[in-house]
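K.L.:
Structure: query_6.pdb, PDB, C-alpha atoms.
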MODEL        1
ATOM      1  CA  MET A  27     -12.249 116.686 -18.470
ATOM      2  CA  ASN A  28     -13.435 118.516 -15.349
ATOM      3  CA  ALA A  29     -10.907 121.263 -16.013
ATOM      4  CA  LEU A  30     -12.264 121.688 -19.552
ATOM      5  CA  ARG A  31     -15.848 121.784 -18.252
ATOM      6  CA  GLY A  32     -14.874 124.328 -15.660
ATOM      7  CA  LYS A  33     -13.121 126.408 -18.281
ATOM      8  CA  LEU A  34     -16.188 126.320 -20.544
ATOM      9  CA  ARG A  35     -18.515 127.387 -17.697
ATOM     10  CA  SER A  36     -16.175 130.045 -16.418
ATOM     11  CA  THR A  37     -17.306 133.646 -16.914
ATOM     12  CA  ARG A  38     -13.812 135.007 -16.448
ATOM     13  CA  GLY A  39     -12.292 136.614 -19.506
ATOM     14  CA  GLU A  40      -9.070 135.594 -21.322
ATOM     15  CA  SER A  41      -5.843 137.490 -21.111
ATOM     16  CA  ILE A  42      -4.593 139.319 -24.227
ATOM     17  CA  SER A  43      -1.666 136.883 -24.561
ATOM     18  CA  GLU A  44      -4.026 133.856 -24.501
ATOM     19  CA  VAL A  45      -6.208 135.406 -27.193
ATOM     20  CA  MET A  46      -3.176 136.227 -29.349
ATOM     21  CA  ILE A  47      -1.681 132.765 -29.041
ATOM     22  CA  SER A  48      -4.986 131.033 -29.784
ATOM     23  CA  GLY A  49      -5.497 133.357 -32.759
ATOM     24  CA  LEU A  50      -2.050 132.393 -34.011
ATOM     25  CA  ILE A  51      -2.811 128.690 -33.651
ATOM     26  CA  VAL A  52      -6.141 129.080 -35.482
ATOM     27  CA  ALA A  53      -4.405 131.035 -38.254
ATOM     28  CA  LEU A  54      -1.726 128.337 -38.587
ATOM     29  CA  GLY A  55      -4.426 125.665 -38.712
ATOM     30  CA  LEU A  56      -6.341 127.517 -41.419
ATOM     31  CA  LEU A  57      -3.143 128.041 -43.419
ATOM     32  CA  LEU A  58      -2.359 124.330 -43.183
ATOM     33  CA  ALA A  59      -5.908 123.377 -44.172
ATOM     34  CA  VAL A  60      -5.953 125.701 -47.181
ATOM     35  CA  SER A  61      -2.562 124.464 -48.431
ATOM     36  CA  MET A  62      -3.679 120.821 -48.015
ATOM     37  CA  ILE A  63      -6.933 121.493 -49.879
ATOM     38  CA  LEU A  64      -5.015 123.150 -52.744
ATOM     39  CA  ALA A  65      -2.539 120.254 -52.830
ATOM     40  CA  SER A  66      -5.358 117.703 -52.878
ATOM     41  CA  VAL A  67      -7.149 119.534 -55.720
ATOM     42  CA  SER A  68      -3.913 119.452 -57.722
ATOM     43  CA  MET A  69      -3.429 115.733 -56.944
ATOM     44  CA  MET A  70      -7.018 114.947 -57.975
ATOM     45  CA  SER A  71      -6.481 116.734 -61.263
ATOM     46  CA  LYS A  72      -3.249 114.784 -61.890
ATOM     47  CA  ALA A  73      -4.966 111.515 -60.934
ATOM     48  CA  SER A  74      -7.807 112.226 -63.351
ATOM     49  CA  THR A  75      -5.317 112.920 -66.167
ATOM     50  CA  SER A  76      -3.403 109.713 -65.336
ATOM     51  CA  TRP A  77      -6.554 107.572 -65.381
ATOM     52  CA  LYS A  78      -7.662 109.097 -68.677
ATOM     53  CA  SER A  79      -4.225 108.431 -70.172
ATOM     54  CA  TYR A  80      -4.177 104.882 -68.781
ATOM     55  CA  PHE A  81      -7.526 103.912 -70.263
ATOM     56  CA  THR A  82      -6.676 105.616 -73.565
ATOM     57  CA  ALA A  83      -3.541 103.443 -73.673
ATOM     58  CA  ARG A  84      -5.608 100.322 -72.938
ATOM     59  CA  ASN A  85      -8.026 101.220 -75.726
ATOM     60  CA  GLU A  86      -5.117 101.755 -78.126
ATOM     61  CA  LEU A  87      -3.755  98.308 -77.286
ATOM     62  CA  GLU A  88      -7.063  96.513 -77.575
ATOM     63  CA  SER A  89      -7.990  98.224 -80.832
ATOM     64  CA  ARG A  90      -4.382  97.747 -82.030
ATOM     65  CA  THR A  91      -4.036 101.415 -83.007
ATOM     66  CA  GLY A  92      -0.851 101.945 -80.953
ATOM     67  CA  THR A  93       2.714 101.721 -82.260
ATOM     68  CA  ALA A  94       3.564  98.273 -83.653
ATOM     69  CA  SER A  95       6.930  96.608 -84.254
ATOM     70  CA  ASN A  96       7.889  93.170 -85.490
ATOM     71  CA  ILE A  97       9.170  90.626 -82.950
ATOM     72  CA  THR A  98      10.211  86.991 -82.867
ATOM     73  CA  VAL A  99       8.595  84.589 -80.390
ATOM     74  CA  THR A 100      10.450  81.509 -79.172
ATOM     75  CA  VAL A 101       8.339  78.695 -77.727
ATOM     76  CA  GLY A 102      10.365  76.118 -75.832
ATOM     77  CA  GLY A 103       9.491  72.486 -75.148
ATOM     78  CA  ILE A 104       8.287  71.617 -78.665
ATOM     79  CA  THR A 105      10.598  69.353 -80.623
ATOM     80  CA  GLY A 106      11.665  70.807 -83.964
ATOM     81  CA  LEU A 107       9.958  74.184 -83.527
ATOM     82  CA  THR A 108      12.139  77.099 -84.569
ATOM     83  CA  PRO A 109      11.681  80.699 -83.323
ATOM     84  CA  MET A 110       8.561  82.151 -84.938
ATOM     85  CA  SER A 111       8.792  85.495 -86.679
ATOM     86  CA  GLY A 112       5.829  87.526 -87.883
ATOM     87  CA  SER A 113       4.407  88.587 -84.524
ATOM     88  CA  TRP A 114       3.645  92.215 -83.687
ATOM     89  CA  LEU A 115       4.441  94.024 -80.457
ATOM     90  CA  TYR A 116       1.886  96.765 -79.781
ATOM     91  CA  THR A 117       2.952  99.660 -77.555
ATOM     92  CA  ALA A 118       0.837 102.351 -75.878
ATOM     93  CA  LYS A 119       2.347 105.160 -73.785
ATOM     94  CA  ILE A 120       0.882 106.276 -70.440
ATOM     95  CA  SER A 121       1.197 109.869 -69.144
ATOM     96  CA  ASP A 122       3.756 108.897 -66.464
ATOM     97  CA  GLY A 123       6.195 107.900 -69.243
ATOM     98  CA  SER A 124       5.712 104.138 -68.863
ATOM     99  CA  TYR A 125       4.183 101.833 -71.485
ATOM    100  CA  LEU A 126       1.679  99.013 -71.822
ATOM    101  CA  TYR A 127       2.529  96.187 -74.222
ATOM    102  CA  MET A 128       0.821  93.256 -75.865
ATOM    103  CA  PHE A 129       1.716  91.054 -78.814
ATOM    104  CA  SER A 130      -0.265  89.403 -81.532
ATOM    105  CA  GLU A 131       0.515  86.837 -84.161
ATOM    106  CA  GLY A 132      -0.310  88.512 -87.467
ATOM    107  CA  ASN A 133      -2.497  91.606 -87.591
TER     108      ASN A 133
ATOM    109  CA  MET B  16      -7.545 125.189 -25.345
ATOM    110  CA  LEU B  17     -10.358 124.881 -27.904
ATOM    111  CA  ALA B  18      -8.045 126.107 -30.655
ATOM    112  CA  LEU B  19      -5.570 123.372 -29.794
ATOM    113  CA  LEU B  20      -8.341 120.763 -29.876
ATOM    114  CA  VAL B  21      -9.502 121.948 -33.323
ATOM    115  CA  PHE B  22      -5.917 121.893 -34.570
ATOM    116  CA  LEU B  23      -5.382 118.371 -33.238
ATOM    117  CA  LEU B  24      -8.641 117.156 -34.810
ATOM    118  CA  CYS B  25      -7.709 118.634 -38.201
ATOM    119  CA  ALA B  26      -4.229 117.094 -38.021
ATOM    120  CA  VAL B  27      -5.646 113.630 -37.270
ATOM    121  CA  VAL B  28      -8.286 113.832 -40.032
ATOM    122  CA  GLY B  29      -5.693 115.143 -42.510
ATOM    123  CA  SER B  30      -3.262 112.316 -41.677
ATOM    124  CA  VAL B  31      -5.959 109.669 -42.146
ATOM    125  CA  VAL B  32      -6.938 111.133 -45.537
ATOM    126  CA  LEU B  33      -3.302 111.275 -46.698
ATOM    127  CA  ALA B  34      -2.603 107.702 -45.503
ATOM    128  CA  SER B  35      -5.616 106.317 -47.385
ATOM    129  CA  ALA B  36      -4.648 108.322 -50.500
ATOM    130  CA  SER B  37      -1.114 106.868 -50.525
ATOM    131  CA  ALA B  38      -2.548 103.343 -50.055
ATOM    132  CA  ALA B  39      -4.863 103.942 -53.047
ATOM    133  CA  ALA B  40      -1.872 105.160 -55.114
ATOM    134  CA  GLY B  41      -0.083 101.871 -54.317
ATOM    135  CA  ARG B  42      -3.098  99.886 -55.504
ATOM    136  CA  VAL B  43      -3.166 101.836 -58.787
ATOM    137  CA  LYS B  44       0.525 100.975 -59.403
ATOM    138  CA  ARG B  45      -0.265  97.301 -58.745
ATOM    139  CA  LEU B  46      -3.225  97.517 -61.154
ATOM    140  CA  LYS B  47      -0.909  98.538 -64.002
ATOM    141  CA  GLU B  48       1.496  95.667 -63.267
ATOM    142  CA  ASP B  49      -1.388  93.174 -63.127
ATOM    143  CA  ASP B  50      -2.900  94.509 -66.366
ATOM    144  CA  GLN B  51       0.472  94.225 -68.123
ATOM    145  CA  ALA B  52       0.843  90.620 -66.922
ATOM    146  CA  VAL B  53      -2.665  89.758 -68.150
ATOM    147  CA  TYR B  54      -1.994  91.368 -71.552
ATOM    148  CA  THR B  55       1.215  89.354 -71.976
ATOM    149  CA  LEU B  56      -0.390  86.096 -70.827
ATOM    150  CA  THR B  57      -3.534  86.591 -72.912
ATOM    151  CA  SER B  58      -1.382  87.380 -75.958
ATOM    152  CA  ALA B  59       0.516  84.106 -75.432
ATOM    153  CA  ALA B  60      -2.739  82.144 -74.964
ATOM    154  CA  LYS B  61      -4.215  83.660 -78.151
ATOM    155  CA  MET B  62      -1.068  82.751 -80.082
ATOM    156  CA  PHE B  63      -1.298  79.117 -78.884
ATOM    157  CA  SER B  64      -5.010  79.089 -79.692
ATOM    158  CA  LYS B  65      -4.439  80.461 -83.196
ATOM    159  CA  GLU B  66      -1.617  77.999 -83.850
ATOM    160  CA  LEU B  67      -3.438  74.925 -82.497
ATOM    161  CA  ASP B  68      -7.078  75.507 -83.471
ATOM    162  CA  GLY B  69      -7.884  73.011 -86.210
ATOM    163  CA  ALA B  70      -4.556  71.142 -85.897
ATOM    164  CA  SER B  71      -4.753  67.372 -86.056
ATOM    165  CA  CYS B  72      -2.635  64.336 -85.227
ATOM    166  CA  ALA B  73      -2.585  60.877 -86.745
ATOM    167  CA  ILE B  74      -2.087  58.052 -84.226
ATOM    168  CA  SER B  75      -0.683  54.706 -85.254
ATOM    169  CA  TYR B  76      -0.757  52.238 -82.384
ATOM    170  CA  ASP B  77       1.321  49.072 -82.257
ATOM    171  CA  PRO B  78      -0.331  46.579 -79.859
ATOM    172  CA  ASP B  79       2.795  44.378 -79.690
ATOM    173  CA  THR B  80       5.025  47.070 -78.255
ATOM    174  CA  LYS B  81       2.146  49.168 -76.887
ATOM    175  CA  THR B  82       3.693  52.239 -78.397
ATOM    176  CA  ALA B  83       1.992  55.006 -80.310
ATOM    177  CA  ASP B  84       3.462  56.769 -83.299
ATOM    178  CA  VAL B  85       1.919  60.203 -83.530
ATOM    179  CA  THR B  86       2.440  62.599 -86.406
ATOM    180  CA  ALA B  87       1.185  66.147 -86.770
ATOM    181  CA  ASP B  88       1.037  68.380 -89.811
ATOM    182  CA  THR B  89       3.148  71.376 -88.845
ATOM    183  CA  GLY B  90       2.767  73.129 -92.199
ATOM    184  CA  GLU B  91      -0.228  75.265 -91.314
ATOM    185  CA  HIS B  92      -0.069  74.766 -87.547
ATOM    186  CA  ARG B  93       3.549  75.380 -86.601
ATOM    187  CA  MET B  94       3.059  74.389 -82.972
ATOM    188  CA  ALA B  95       1.185  71.151 -83.682
ATOM    189  CA  GLY B  96       4.279  69.269 -82.470
ATOM    190  CA  LEU B  97       3.108  70.079 -78.941
ATOM    191  CA  LEU B  98      -0.109  68.145 -79.575
ATOM    192  CA  ALA B  99       1.851  65.224 -81.051
ATOM    193  CA  GLN B 100       4.109  65.025 -77.961
ATOM    194  CA  LEU B 101       1.184  65.156 -75.538
ATOM    195  CA  THR B 102      -0.999  62.772 -77.564
ATOM    196  CA  LYS B 103       1.772  60.157 -77.763
ATOM    197  CA  ALA B 104       2.325  60.303 -73.984
ATOM    198  CA  GLU B 105      -1.410  60.165 -73.215
ATOM    199  CA  ALA B 106      -2.142  57.378 -75.736
ATOM    200  CA  GLU B 107       0.620  55.220 -74.253
ATOM    201  CA  GLN B 108      -0.623  56.010 -70.750
ATOM    202  CA  LEU B 109      -4.129  54.879 -71.736
ATOM    203  CA  ALA B 110      -2.730  51.709 -73.301
ATOM    204  CA  GLY B 111      -0.987  50.902 -70.018
ATOM    205  CA  ASN B 112       2.511  51.462 -71.303
ATOM    206  CA  GLY B 113       3.047  55.038 -70.307
ATOM    207  CA  THR B 114       5.514  56.149 -67.750
ATOM    208  CA  ALA B 115       5.833  59.773 -68.830
ATOM    209  CA  ALA B 116       2.951  62.075 -67.931
ATOM    210  CA  ALA B 117       1.267  63.898 -70.801
ATOM    211  CA  GLU B 118       2.729  67.217 -69.749
ATOM    212  CA  VAL B 119       5.064  69.776 -71.319
ATOM    213  CA  LYS B 120       6.448  72.575 -69.167
ATOM    214  CA  SER B 121       8.485  75.285 -70.841
ATOM    215  CA  THR B 122       8.622  78.995 -71.629
ATOM    216  CA  VAL B 123       7.628  81.507 -74.289
ATOM    217  CA  SER B 124      10.312  84.170 -74.748
ATOM    218  CA  PHE B 125      10.466  87.252 -76.929
ATOM    219  CA  SER B 126      13.032  89.128 -78.981
ATOM    220  CA  THR B 127      12.197  92.264 -76.970
ATOM    221  CA  ALA B 128      12.928  93.055 -73.318
ATOM    222  CA  ASP B 129       9.581  94.868 -73.060
ATOM    223  CA  LEU B 130       7.724  91.600 -72.488
ATOM    224  CA  LYS B 131       8.539  89.258 -69.616
ATOM    225  CA  THR B 132       9.125  85.587 -70.376
ATOM    226  CA  VAL B 133       5.947  83.528 -70.000
ATOM    227  CA  SER B 134       5.965  80.054 -68.444
ATOM    228  CA  TYR B 135       3.479  77.520 -69.721
ATOM    229  CA  ASP B 136       2.325  74.133 -68.443
ATOM    230  CA  ALA B 137       0.528  72.076 -71.114
ATOM    231  CA  THR B 138      -1.329  68.920 -70.081
ATOM    232  CA  MET B 139      -3.665  66.499 -71.803
ATOM    233  CA  ASN B 140      -6.339  64.430 -70.064
ATOM    234  CA  SER B 141      -7.789  61.034 -71.001
ATOM    235  CA  SER B 142     -10.280  62.723 -73.359
ATOM    236  CA  TYR B 143      -7.295  64.311 -75.116
ATOM    237  CA  GLN B 144      -8.555  67.706 -73.996
ATOM    238  CA  LEU B 145      -5.667  70.171 -74.034
ATOM    239  CA  LYS B 146      -5.141  72.522 -71.092
ATOM    240  CA  VAL B 147      -2.357  75.105 -71.102
ATOM    241  CA  VAL B 148      -1.759  77.317 -68.050
ATOM    242  CA  PHE B 149       0.289  80.470 -68.651
ATOM    243  CA  THR B 150       2.011  82.331 -65.809
ATOM    244  CA  ILE B 151       4.749  84.905 -65.224
ATOM    245  CA  ASP B 152       7.379  84.887 -62.454
ATOM    246  CA  GLY B 153       6.952  81.320 -61.307
ATOM    247  CA  GLY B 154       3.185  81.303 -61.331
ATOM    248  CA  THR B 155       2.348  83.220 -58.144
ATOM    249  CA  GLY B 156       0.544  86.145 -59.796
ATOM    250  CA  GLN B 157      -1.938  86.319 -62.629
ATOM    251  CA  GLN B 158      -2.607  83.251 -64.735
ATOM    252  CA  VAL B 159      -4.408  82.607 -68.005
ATOM    253  CA  THR B 160      -5.709  79.186 -69.020
ATOM    254  CA  LEU B 161      -6.370  77.910 -72.534
ATOM    255  CA  THR B 162      -8.435  74.764 -73.046
ATOM    256  CA  MET B 163      -9.152  73.051 -76.364
ATOM    257  CA  ASP B 164     -11.407  70.063 -76.929
ATOM    258  CA  ALA B 165     -10.395  67.004 -78.924
ATOM    259  CA  ILE B 166     -12.760  66.397 -81.806
ATOM    260  CA  PRO B 167     -13.106  62.891 -83.318
ATOM    261  CA  TYR B 168     -11.964  62.975 -86.909
ATOM    262  CA  GLU B 169     -14.183  60.156 -88.092
ATOM    263  CA  ASN B 170     -17.856  59.480 -87.581
ATOM    264  CA  ILE B 171     -17.848  56.578 -85.192
ATOM    265  CA  SER B 172     -20.460  55.093 -82.902
ATOM    266  CA  ALA B 173     -20.923  56.616 -79.458
ATOM    267  CA  ALA B 174     -19.658  53.436 -77.810
ATOM    268  CA  ALA B 175     -16.399  53.679 -79.692
ATOM    269  CA  ALA B 176     -16.098  57.385 -79.328
ATOM    270  CA  THR B 177     -13.953  57.416 -76.223
ATOM    271  CA  PRO B 178     -10.241  57.691 -76.953
ATOM    272  CA  TYR B 179      -9.531  54.433 -75.111
ATOM    273  CA  ALA B 180     -12.032  52.540 -77.229
ATOM    274  CA  ARG B 181     -10.542  54.085 -80.320
ATOM    275  CA  ILE B 182      -7.129  52.765 -79.360
ATOM    276  CA  ASN B 183      -8.644  49.320 -78.767
ATOM    277  CA  ALA B 184     -10.217  49.507 -82.209
ATOM    278  CA  SER B 185      -6.807  50.412 -83.527
ATOM    279  CA  ASP B 186      -5.398  47.308 -81.840
ATOM    280  CA  GLU B 187      -7.517  45.176 -84.129
ATOM    281  CA  THR B 188      -7.284  47.079 -87.365
ATOM    282  CA  LYS B 189      -3.954  48.923 -87.042
ATOM    283  CA  ILE B 190      -5.544  51.807 -88.879
ATOM    284  CA  PRO B 191      -4.152  55.180 -87.841
ATOM    285  CA  LEU B 192      -6.662  57.248 -85.956
ATOM    286  CA  SER B 193      -6.878  60.995 -86.204
ATOM    287  CA  ILE B 194      -7.822  63.586 -83.635
ATOM    288  CA  SER B 195      -8.189  67.295 -84.226
ATOM    289  CA  TRP B 196      -8.512  70.095 -81.694
ATOM    290  CA  GLY B 197     -10.939  73.009 -81.559
ATOM    291  CA  ASN B 198     -13.338  74.991 -79.363
ATOM    292  CA  PRO B 199     -10.579  77.119 -77.803
ATOM    293  CA  SER B 200     -11.524  78.809 -74.534
ATOM    294  CA  ILE B 201      -9.359  81.355 -72.715
ATOM    295  CA  THR B 202      -9.993  82.233 -69.055
ATOM    296  CA  VAL B 203      -8.193  84.825 -66.934
ATOM    297  CA  GLY B 204      -7.698  84.352 -63.211
ATOM    298  CA  SER B 205      -5.303  84.762 -60.329
ATOM    299  CA  ALA B 206      -3.080  81.889 -59.240
ATOM    300  CA  GLU B 207      -3.593  82.816 -55.555
TER     301      GLU B 207
ENDMDL
END
Please render this file's structure as structure tokens.
P.N.:
Amino acid sequence: MNALRGKLRSTRGESISEVMISGLIVALGLLLAVSMILASVSMMSKASTSWKSYFTARNELESRTGTASNITVTVGGITGLTPMSGSWLYTAKISDGSYLYMFSEGN
Amino acid sequence: MLALLVFLLCAVVGSVVLASASAAAGRVKRLKEDDQAVYTLTSAAKMFSKELDGASCAISYDPDTKTADVTADTGEHRMAGLLAQLTKAEAEQLAGNGTAAAEVKSTVSFSTADLKTVSYDATMNSSYQLKVVFTIDGGTGQQVTLTMDAIPYENISAAAATPYARINASDETKIPLSISWGNPSITVGSAE
């Protein structure tokens, strides 16, 4: 810490090699910072698209406007109950290629 | 020296930001899994509710053997057999002849691999109130609970309105009693 204080108070100049090396380090730092900022802007944009897609999919499911297909539901543990047909599987696609599902008995 | 300090500071701040961003991404992935589980469980609870709301059972109690004969109309309510099984067990418990708990544990499975199998645990208390707890993967994650109240079928006095008193009344008259279920309520919560 004393060395740093001494360096800051010193009125001696820097050598050309010190200035060049520090300039290089500052340039590298700036380059890194700019590339990270650009990457983070791109990630924020992707995240925003993903959220929008996710909540659109949820709305589709809850309003039952997504794709629907007929499924059979089997409830165990009830004597004499056979598998029940007539239920609908609702599907909504998210931007990452995955899906959300829910089912409903009847429409 | 100062340039190195600035570089070090930027590197540390950048690492912290990236670490918190990746942690947030993990939470978002978990959110989707949790939402999917809740959709599946809520769908199952709504199906039970739709199938059981308004279903009724007729109880015929034999005081000599202390056994209850319970029948349910499964024409309109296909799953009413669940109520009959639970009501029989609970009625015999209340009459002092029950050894089996009024509980049915089983699964709801689907003809598609897109939905995970749901486990359910249906119980009935001494007021014949139905409680069904739905879970996925052994019950450690999300859970959805359906409750339905038992509604007396006949207009009877308040003193005789408790299920136990109704069975005692049945002891004397041997008239089958009826109970129907309604007021479905679905609640979503975590098992942990």
K.L.:
Taking all atoms listed in the file into account and nothing else, which residues of chain A lie no more than 8 Å away from chain B? Please answer as a PyMOL selection string.
P.N.:
chain A and resi 48-49+51-52+55+59+97-107+126-131
K.L.:
Which residues are close to region 69-77 of chain A, i.e. within 10 Å by all atoms listed in the file, leaving aside same-chain residues fewer than 2 positions away? Reply as a list in words.
P.N.:
Ile63, Leu64, Ala65, Ser66, Val67, Ser79, Tyr80, Phe81, Thr82, Ala83, Ile120, Ser121 and Asp122 of chain A; Ala36, Ala40 and Val43 of chain B
K.L.:
Kindly give the distance, in Å, that separates CA of Ala73 (chain B) and CA of Thr102 (chain B), rounded to a single decimal.
P.N.:
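Separating CA of Ala73 (chain B) from CA of Thr102 (chain B) is a distance of 9.5 Å.
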K.L.:
Please measure the separation of CA of Thr162 (chain B) and CA of Ile194 (chain B), giving the value in Å to one decimal.
P.N.:
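Rounded to one decimal, the two atoms are 15.4 Å apart.
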K.L.:
Can you work out the spacing between CA of Ser36 (chain A) and CA of Leu54 (chain A) in Å, to one decimal?
P.N.:
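These atoms are spaced 26.5 Å apart.
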K.L.:
Tell me which residues the PyMOL selection byres ((chain B and resi 198-200) around 12) grabs here, as a VMD selection string.
P.N.:
chain B and resid 57 60 to 70 144 to 148 159 to 166 195 to 197 201 to 203
K.L.:
Taking all listed atoms of region 36-54 of chain B, build the axis-aligned box, pad each of the six sides by 3 Å, then write its centre and edge lengths in Å to one decimal as JSON.
P.N.:
{"center_x": -1.7, "center_y": 99.0, "center_z": -60.8, "size_x": 12.4, "size_y": 24.6, "size_z": 27.5}
